[in-house]
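Engineer: Here it is: the structure, laid out below.
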Amino acid sequence: MSCKVPPSTMTLKQFMVHQEVLKLYRNIMKTIRKVPNEADRKYLTDWAKADFRANKSVTDEFAIKSLIVHGETSLRELKRNLSLSE
């Protein structure tokens, strides 16, 4: 009996990167919820969703890692700005 894996199955490395992207997305959305101004919150939510959708088709591992680093930097900056506004 042979076990055939569907061609769309992710490798372990791809799965780990995928989980990293999802974690970043959740953290960004969680942080955006803390923004006091509703209009700013909506703008940031739309920006984040559009940015993730625009890069959905990226498959190059180096490019994805670069995008994750950029996203983490943006998240740190957002958190810093939120802490300054409190």
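A note on labels: chains of the structure tokens are A, B, ... as shown, every chain counts residues from 1, and ligands are counted from 1 in their shown order.
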Report as CSV: every residue of range 39-70 of chain A with an atom at most 9 Å from range 20-30 of chain A, its closest pair of atoms, and their distance in Å to one decimal, counting only C-alpha atoms, with rows sorted by chain and ascending residue number.
Structural biologist:
residue,atom,partner,partner_atom,distance
A:Leu44,CA,A:Met29,CA,8.8
A:Thr45,CA,A:Met29,CA,6.9
A:Ala48,CA,A:Ile28,CA,7.7
A:Lys49,CA,A:Tyr25,CA,8.6
A:Phe52,CA,A:Tyr25,CA,8.0
A:Ile64,CA,A:Val21,CA,8.6
A:Ile68,CA,A:Val21,CA,6.7
Engineer: Select from chain A everything DSSP, run on the backbone, classes as alpha helix (DSSP H), then give the selection as a ChimeraX atom specification.
Structural biologist: /A:12-32,38-54,61-85
Engineer: Would you work out the distance separating CA of Met10 in chain A from CA of Thr73 in chain A, expressed in Å to one decimal?
Structural biologist: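 Computing it gives 26.9 Å between the two atoms.
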Engineer: Tell me, as a PyMOL selection string, which residues lie within 12 Å of Ser83 in chain A, counting only C-alpha atoms; anything in the same chain fewer than 6 positions away does not count.
Structural biologist: chain A and resi 31+34-36+76-77
Engineer: Find, counting only C-alpha atoms, the residue in A:Leu67, A:Leu78, A:Val58, A:Val17 that gets nearest to Asp40 in chain A.
Structural biologist: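 Looking at the shortest contact to Asp40 in chain A, the residue is A:Leu78.
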Engineer: Identify which of the residues A:Leu84, A:His18, A:Lys79, A:Lys42 lies closest to Lys56 in chain A, counting only C-alpha atoms when measuring atom-to-atom distances.
Structural biologist: A:His18
